[in-house]
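Written out below as structure tokens is the structure these notes cover.
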Amino acid sequence: MNVIWRNCICRLRQGKVPHRCQSGVHPVAPLGSRILTDPTKVFEHNMWDHMQWSKEEEDEARKKVEENSATRVAPEEQVKFENAANKYWDTFYQTHKNKFFKNRNWLLREFPEILPVDQNTKEKLGESSWDPARSSISRTQGTETHRQETFVSSEPGSRERSASNPDLEEYSRGPRKAEQFPGSKATFRILEVGCGAGNSVFPILNTLQNIPGSFLYCCDFAPEAVELVKSHEAYSEAHCSAFIHDVCDDGLAYPFPDGTLDVILLVFVLSSIHPDRMQAVIHRLSRLLKPGGMLLFRDHGRYDNAQLRFKKGRCLSENFYVRGDGTRAYFFTKDPLRSPSRRSIMCYQAKA
């Protein structure tokens, strides 16, 4: 079960599905229209709408969560997971490279707002659909959810950083002059936060390279992940800039000025951040948007199978877990105000 935030948060098991923010470009199967009637076609879409649980199913899921969250990770261990979060993810990518997650070929259907809206874009979107048979970008064999386990920290502290991190050292001095920063001549700019090995980057780039004036930024706090993106044969500095960045460090500057971006994409990223830090992360990212810019979010939903599979002793706090490899995951509700973290977070659109 995944969660998509736009004007509100939508849990897939919910009966009433809200309308999307309209960009003028409609997905092939709009949110709310995907009704599973033939079980043999269960893999036809990335997600299905209007899938309602029975009371018994929801009670059983709640019981499993109560059981696997009864024993919490010790506070000192939680601090370790928080402070070394980038190291755990860096190890993850050193181990799995780009073989764990599948390419997110559904992105442009689920989030048509990723692309600039005009007639030329609509035509090019149809012409530039992601075709792995003719593309040089390889399809990976992983799954969208990571593994069976997850974790959190009760006393968030500043993350440990490597002294030999040239990207962070370069950008910590602040954005360069307007005429010098990457993508400064672009008219439409996107930032993907938590890019990982590029499973969103390259499907997006495959389309953006056919749209003049567009540019993609992508960042991750795991150096190995950024290196995987930069070393990919489809990576092009003419259309993309990948850099190391920890979005939880509010004092760390971006390689472009505030008010520069049209779209910010957060796909299965916010869930890896401590709930106490989420609001500050969203607030900082919102400053990067142009007036009218959008922040698009998709992540784990409450009672996702990934949450139900956790064993006892992996829970950091309510609905926040640590996996066996040290990476963490939070599971969201439809209403952020009812979430145990009590954070007011939703799909953000900057005021014009």
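Simple scheme: letters A, B, ... for chains in structure tokens order, numbers from 1 for residues in each chain, numbers from 1 for ligands in the order shown.
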Item checked: Spatial neighbours of Gln209 in chain A, max dist 7 Å, only C-alpha atoms, sep filter under 3 positions, as an MDAnalysis selection string -> chainID A and resid 205:206 239
With only C-alpha atoms counted and 12 Å as the cut-off, give the residues of range 167-267 of chain A in contact with range 273-287 of chain A, each with its shortest interatomic distance in Å and the pair that gives it, as a tab-separated table.
residue	atom	partner	partner_atom	distance
A:Leu191	CA	A:Leu285	CA	9.7
A:Glu192	CA	A:Leu285	CA	10.9
A:Val193	CA	A:Leu285	CA	9.4
A:Gly194	CA	A:Ile273	CA	10.8
A:Phe221	CA	A:Ile273	CA	11.7
A:Asp246	CA	A:Val281	CA	9.9
A:Val247	CA	A:Val281	CA	6.2
A:Cys248	CA	A:Val281	CA	6.0
A:Asp249	CA	A:Val281	CA	8.5
A:Asp250	CA	A:Arg284	CA	6.9
A:Gly251	CA	A:Arg284	CA	9.8
A:Leu252	CA	A:Arg284	CA	10.5
A:Ala253	CA	A:Arg284	CA	10.5
A:Tyr254	CA	A:Leu285	CA	10.1
A:Phe256	CA	A:Arg287	CA	11.6
A:Pro257	CA	A:Arg287	CA	9.4
A:Asp258	CA	A:Arg287	CA	5.8
A:Gly259	CA	A:Arg287	CA	6.2
A:Thr260	CA	A:Arg287	CA	8.9
A:Leu261	CA	A:Arg287	CA	9.2
A:Asp262	CA	A:Ser286	CA	10.5
A:Val263	CA	A:Ser286	CA	9.9
A:Ile264	CA	A:Leu285	CA	7.8
A:Leu265	CA	A:Leu285	CA	10.2
A:Leu266	CA	A:Ile282	CA	10.0
Margin query: Please list as number ranges by chain every residue within 12 Å of Pro182 in chain A, counting only C-alpha atoms and excluding residues in the same chain fewer than 2 positions away.
Written below: A: 175-180, 184-186, 189, 214-218, 236-243, 254-257, 260
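Note that CA of Phe331 in chain A and CA of Ser271 in chain A are 6.7 Å apart.
Comparing A:Phe188, A:Ala234, A:Thr37, A:Arg328 by their smallest distance to Val117 in chain A, the closest is A:Phe188 (using only C-alpha atoms).
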Next item on the list: List the neighbours of range 312-316 of chain A out to 12 Å using only C-alpha atoms; skip same-chain residues closer than 4 positions along the sequence, and give me the result as a count of residues only.
Entry: 46
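Atom pair CA of Ile35 in chain A / CA of Glu110 in chain A has a distance of 15.6 Å (rounded to one decimal).
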